[in-house]
Amino acid sequence: MRVIDIETGEKRSAAAAAGDLSEYRVNTRFLNITSPEIIQAAERLRGSSDIPSTVEKFVFGHISDKTLGIPIIPAVQVYRNRRGDCTEHAVLAVSLLRALGIPSRALVGMYLANEFMGRKNIFVYHMWAEAYQGGAWRLIDATRPGENRHNRYIAFAYHSLKAEAPLDYLRAISAISNFSAEYIGR
Amino acid sequence: MKKILIVSLLIILSASACRSRSSGPPTGTWKYRLLVNGAPIGSAVSTNSLSGGKYVSTVEMEMDAGYVKNSTRQVVTETTDFKPLKLEVYNKTVQNGQENELKTIAVFKGARVDLDTGDAKSTITISKPFILEGNYFMKELMKSGFKAGTVVRHHVYEPTVDIEEPVLMIIRVIGTEEVTINGATKSLIHLGYAIENMKNIDAYVDSDGITHKMIITMLNNRLEMILK
């Protein structure tokens with residue numbers, strides 16, 4: 001067993017390695033950014049002074065039925081169904097952001113929840129998004145708009161949303177077994 | 001995590017169905033129980049048939065998590081020398097009466113792949129030799145007599161992992177082990193499956209090539225498939 005201590009805190013200067021952002025703008029079979037419904041929904045958000053925050057709040061409100069267990073489905077189906085868990089929130093958020101021309105990506109990992117299914121201070125598997133803005137990647141979690149406590153997130157891998165289980169994602173989760181995480185407080 | 005376990009199981013179950021040690025790939029039907037972390041979650045049926053000079057391998061899985069039901073069906077059609085002809089993957093989720101469906105249909109003409117993903121159609125060309133998850137692997141393993149240390153590898157077109165490039169699948173014969181299944185202890189051949197060198201799947205087959213048990217472990221989840 002290997003024990004890794006993770007110290008978290010405020011993020012320092014956002015020295016994001018921009019590199020080539022083109023892969024974070026592309027359409028995929030799960031993002032449907034050229035779908036008329038996604039385009040129409042995105043256009044209603046374009047006038048905002050803080051588009052990523054507006055997308056985050058919109059997705060949270062639009063997915064009114066917060067439910068677990070749906071396999072990854074295309075953004076246009078998420079938009080129509082208005083139902084889902086963190087996966088659906090992340091997929092729709094990335095879809096809308098890319099439809100608005102903002103580079104964005106999905107991440108999978110764990111989140112330290114105050115409470116989940118009756119248990120307090122528990123790490124849960126999670127998917128969320130990031131948007132590239134102002135030279136930095138910014139946390140976008142449409143399941144909890146406004147969440148800015150980065151230290152509650154442990155990322156395992158990026159998910160390209162090009163397939164259900166892309167190789168990079170498979171590599172990351174295959175390398176981890178018998179994983180446990182404990183929050184030891186401040 | 002159940003989402004990725006379903007994908008992994010679908011990949012492996014297709015490649016390991018066999019019935020008898022004969023000169024050609026065997027045909028038949030096999031039924032399995034599915035468990036996640038020890039709890040029953042559903043069932044799977046695998047079939048392999050020879051019809052009109054083509055092999056048709058089908059895997060159907062039903063998983064019921066209580067609040068959501070998921071059905072997946074995969075059909076592989078290939079020539080008797082394992083050249084890909086057609087791959088169909090259908091996935092349906094039902095929750096509170098609402099259905100979501102996802103399909104991927106790939107028709108192969110040599111290196112050319114015509115894709116239909118429901119919302120879009122496209123054509124891609126694959127540059128490296130590839131197969132589908134049909135009969136190739138078990139055929140090769142049976143040719144080797146399941147000798148410990150045997151390694152069979154090939155690029156496999158698997159759109160749930162990569163819709164544009166085939167992925168490398170590797171199967172190793174680890175050896176013979178005593179395995180308890182359904183209360184009975186059997187001497188079975190242990191196979192280790194890996195996708196792109198990520199080994200996290202163990203299968204136990206008999207000398208006829210029939211899979212009796214399969215275990216997939218990812219993060220802290222364990223999916224088991226047990227022959228009924």
# chains A, B, ... in the order shown; residues from 1 in each chain; ligands from 1
$ interface_residues --of "chain B" --to "chain A" --cutoff "6 Å" --atoms "only C-alpha atoms" --output "ChimeraX atom specification"
/B:3,160-162,218-220
$ select_by_dssp --residues "range 19-56 of chain A" --states "helix (DSSP H, G or I)" --output "number ranges by chain"
A: 22-24, 36-43, 51-56
$ residues_around --residues "range 113-124 of chain B" --least-positions-apart "5" --cutoff "8 Å" --atoms "only C-alpha atoms" --output "ChimeraX atom specification"
/A:29 /B:102-108,164
$ closest_atom_pairs --of "range 29-102 of chain B" --to "range 212-216 of chain B" --cutoff "12 Å" --atoms "only C-alpha atoms" --output "JSON lines"
{"residue": "B:Trp30", "atom": "CA", "partner": "B:His212", "partner_atom": "CA", "distance": 9.6}
{"residue": "B:Lys31", "atom": "CA", "partner": "B:His212", "partner_atom": "CA", "distance": 9.9}
{"residue": "B:Tyr32", "atom": "CA", "partner": "B:His212", "partner_atom": "CA", "distance": 8.5}
{"residue": "B:Arg33", "atom": "CA", "partner": "B:Lys213", "partner_atom": "CA", "distance": 9.5}
{"residue": "B:Leu34", "atom": "CA", "partner": "B:Met214", "partner_atom": "CA", "distance": 9.6}
{"residue": "B:Leu35", "atom": "CA", "partner": "B:Ile215", "partner_atom": "CA", "distance": 9.6}
{"residue": "B:Val36", "atom": "CA", "partner": "B:Ile216", "partner_atom": "CA", "distance": 9.5}
{"residue": "B:Asn37", "atom": "CA", "partner": "B:Ile216", "partner_atom": "CA", "distance": 10.3}
{"residue": "B:Gly38", "atom": "CA", "partner": "B:Ile215", "partner_atom": "CA", "distance": 11.1}
$ atom_distance --atom1 "CA of His155 in chain B" --atom2 "CA of Pro129 in chain B"
6.9 Å
$ residues_around --residues "Val26 in chain A" --least-positions-apart "5" --cutoff "12 Å" --atoms "only C-alpha atoms" --output "PyMOL selection string"
chain A and resi 21+31-34+94-105+160-162
$ write_last_selection --atoms "N, CA and C atoms" --output "PDB file, in the first residue's frame"
ATOM      1  N   LEU A  21      -5.150  24.658 -27.247  1.00  0.00           N
ATOM      2  CA  LEU A  21      -6.467  24.484 -26.643  1.00  0.00           C
ATOM      3  C   LEU A  21      -7.490  23.901 -27.614  1.00  0.00           C
ATOM      4  N   LEU A  31     -21.050  15.684 -26.912  1.00  0.00           N
ATOM      5  CA  LEU A  31     -21.183  17.116 -26.633  1.00  0.00           C
ATOM      6  C   LEU A  31     -22.197  17.819 -27.535  1.00  0.00           C
ATOM      7  N   ASN A  32     -22.375  17.366 -28.757  1.00  0.00           N
ATOM      8  CA  ASN A  32     -23.425  17.884 -29.653  1.00  0.00           C
ATOM      9  C   ASN A  32     -23.433  19.406 -29.763  1.00  0.00           C
ATOM     10  N   ILE A  33     -22.274  20.035 -29.868  1.00  0.00           N
ATOM     11  CA  ILE A  33     -22.271  21.496 -29.810  1.00  0.00           C
ATOM     12  C   ILE A  33     -22.862  22.148 -31.066  1.00  0.00           C
ATOM     13  N   THR A  34     -23.104  21.353 -32.104  1.00  0.00           N
ATOM     14  CA  THR A  34     -23.753  21.918 -33.300  1.00  0.00           C
ATOM     15  C   THR A  34     -25.239  21.607 -33.319  1.00  0.00           C
ATOM     16  N   VAL A  94     -19.925  21.410 -20.266  1.00  0.00           N
ATOM     17  CA  VAL A  94     -18.844  21.456 -21.264  1.00  0.00           C
ATOM     18  C   VAL A  94     -19.429  21.740 -22.651  1.00  0.00           C
ATOM     19  N   SER A  95     -20.570  21.117 -22.939  1.00  0.00           N
ATOM     20  CA  SER A  95     -21.213  21.327 -24.239  1.00  0.00           C
ATOM     21  C   SER A  95     -21.562  22.800 -24.454  1.00  0.00           C
ATOM     22  N   LEU A  96     -22.208  23.399 -23.488  1.00  0.00           N
ATOM     23  CA  LEU A  96     -22.610  24.797 -23.620  1.00  0.00           C
ATOM     24  C   LEU A  96     -21.398  25.718 -23.692  1.00  0.00           C
ATOM     25  N   LEU A  97     -20.400  25.451 -22.877  1.00  0.00           N
ATOM     26  CA  LEU A  97     -19.193  26.290 -22.896  1.00  0.00           C
ATOM     27  C   LEU A  97     -18.514  26.208 -24.257  1.00  0.00           C
ATOM     28  N   ARG A  98     -18.372  25.021 -24.802  1.00  0.00           N
ATOM     29  CA  ARG A  98     -17.726  24.898 -26.122  1.00  0.00           C
ATOM     30  C   ARG A  98     -18.587  25.507 -27.216  1.00  0.00           C
ATOM     31  N   ALA A  99     -19.904  25.388 -27.071  1.00  0.00           N
ATOM     32  CA  ALA A  99     -20.794  26.012 -28.061  1.00  0.00           C
ATOM     33  C   ALA A  99     -20.636  27.525 -28.042  1.00  0.00           C
ATOM     34  N   LEU A 100     -20.229  28.062 -26.906  1.00  0.00           N
ATOM     35  CA  LEU A 100     -20.000  29.496 -26.761  1.00  0.00           C
ATOM     36  C   LEU A 100     -18.560  29.876 -27.059  1.00  0.00           C
ATOM     37  N   GLY A 101     -17.782  28.916 -27.531  1.00  0.00           N
ATOM     38  CA  GLY A 101     -16.405  29.195 -27.928  1.00  0.00           C
ATOM     39  C   GLY A 101     -15.407  29.203 -26.796  1.00  0.00           C
ATOM     40  N   ILE A 102     -15.794  28.763 -25.629  1.00  0.00           N
ATOM     41  CA  ILE A 102     -14.880  28.751 -24.472  1.00  0.00           C
ATOM     42  C   ILE A 102     -14.279  27.356 -24.336  1.00  0.00           C
ATOM     43  N   PRO A 103     -12.951  27.238 -24.374  1.00  0.00           N
ATOM     44  CA  PRO A 103     -12.344  25.917 -24.201  1.00  0.00           C
ATOM     45  C   PRO A 103     -12.754  25.332 -22.854  1.00  0.00           C
ATOM     46  N   SER A 104     -13.135  24.075 -22.859  1.00  0.00           N
ATOM     47  CA  SER A 104     -13.578  23.460 -21.609  1.00  0.00           C
ATOM     48  C   SER A 104     -13.317  21.971 -21.660  1.00  0.00           C
ATOM     49  N   ARG A 105     -13.280  21.373 -20.472  1.00  0.00           N
ATOM     50  CA  ARG A 105     -12.968  19.957 -20.383  1.00  0.00           C
ATOM     51  C   ARG A 105     -13.647  19.365 -19.159  1.00  0.00           C
ATOM     52  N   SER A 160     -12.285  12.874 -22.197  1.00  0.00           N
ATOM     53  CA  SER A 160     -12.421  13.615 -23.466  1.00  0.00           C
ATOM     54  C   SER A 160     -13.867  13.717 -23.940  1.00  0.00           C
ATOM     55  N   LEU A 161     -14.751  12.890 -23.413  1.00  0.00           N
ATOM     56  CA  LEU A 161     -16.154  12.835 -23.851  1.00  0.00           C
ATOM     57  C   LEU A 161     -16.277  12.457 -25.325  1.00  0.00           C
ATOM     58  N   LYS A 162     -15.226  11.826 -25.877  1.00  0.00           N
ATOM     59  CA  LYS A 162     -15.302  11.317 -27.248  1.00  0.00           C
ATOM     60  C   LYS A 162     -15.855   9.899 -27.265  1.00  0.00           C
TER      61      LYS A 162
END
$ closest_residue --among "A:Phe58, A:Tyr24, A:Tyr153, A:Tyr158" --to "Arg46 in chain A" --atoms "only C-alpha atoms"
A:Phe58
$ residues_around --residues "range 93-98 of chain B" --least-positions-apart "6" --cutoff "6 Å" --atoms "only C-alpha atoms" --output "list in words"
Val68, Lys69 and Asn70 of chain B
$ write_last_selection --atoms "N, CA, C and O atoms" --output "PDB file, in the first residue's frame"
ATOM      1  N   VAL B  68     -32.507   2.730 -11.547  1.00  0.00           N
ATOM      2  CA  VAL B  68     -32.246   2.828 -12.985  1.00  0.00           C
ATOM      3  C   VAL B  68     -31.970   1.428 -13.542  1.00  0.00           C
ATOM      4  O   VAL B  68     -31.362   0.594 -12.889  1.00  0.00           O
ATOM      5  N   LYS B  69     -32.500   1.190 -14.741  1.00  0.00           N
ATOM      6  CA  LYS B  69     -32.250  -0.084 -15.417  1.00  0.00           C
ATOM      7  C   LYS B  69     -31.445   0.206 -16.686  1.00  0.00           C
ATOM      8  O   LYS B  69     -31.752   1.159 -17.403  1.00  0.00           O
ATOM      9  N   ASN B  70     -30.479  -0.641 -16.953  1.00  0.00           N
ATOM     10  CA  ASN B  70     -29.644  -0.449 -18.129  1.00  0.00           C
ATOM     11  C   ASN B  70     -29.576  -1.741 -18.930  1.00  0.00           C
ATOM     12  O   ASN B  70     -29.355  -2.822 -18.372  1.00  0.00           O
TER      13      ASN B  70
END
$ residues_around --residues "Ala148 in chain B" --least-positions-apart "4" --cutoff "6 Å" --atoms "only C-alpha atoms" --output "list in words"
Val173, Ile174 and Gly175 of chain B
$ write_last_selection --atoms "N, CA, C and O atoms" --output "PDB file, in the first residue's frame"
ATOM      1  N   VAL B 173      -2.237 -16.274 -20.580  1.00  0.00           N
ATOM      2  CA  VAL B 173      -2.608 -17.465 -19.822  1.00  0.00           C
ATOM      3  C   VAL B 173      -1.735 -17.498 -18.574  1.00  0.00           C
ATOM      4  O   VAL B 173      -0.514 -17.658 -18.661  1.00  0.00           O
ATOM      5  N   ILE B 174      -2.363 -17.322 -17.421  1.00  0.00           N
ATOM      6  CA  ILE B 174      -1.612 -17.233 -16.167  1.00  0.00           C
ATOM      7  C   ILE B 174      -1.329 -18.624 -15.598  1.00  0.00           C
ATOM      8  O   ILE B 174      -0.249 -18.885 -15.060  1.00  0.00           O
ATOM      9  N   GLY B 175      -2.286 -19.523 -15.742  1.00  0.00           N
ATOM     10  CA  GLY B 175      -2.074 -20.882 -15.247  1.00  0.00           C
ATOM     11  C   GLY B 175      -3.382 -21.513 -14.819  1.00  0.00           C
ATOM     12  O   GLY B 175      -4.455 -20.954 -15.042  1.00  0.00           O
TER      13      GLY B 175
END
$ atom_distance --atom1 "CA of Lys143 in chain B" --atom2 "CA of Val205 in chain B"
14.7 Å
$ select_by_dssp --residues "range 27-87 of chain A" --states "strand (DSSP E or B)" --output "list in words"
Asp65, Lys66, Arg83 and Gly84 of chain A
$ atom_distance --atom1 "CA of His62 in chain A" --atom2 "CA of Tyr79 in chain A"
7.6 Å
$ residues_around --residues "Val124 in chain A" --least-positions-apart "4" --cutoff "7 Å" --atoms "only C-alpha atoms" --output "list of chain:residue names"
A:Met110, A:Tyr111, A:Leu112, A:Ala113
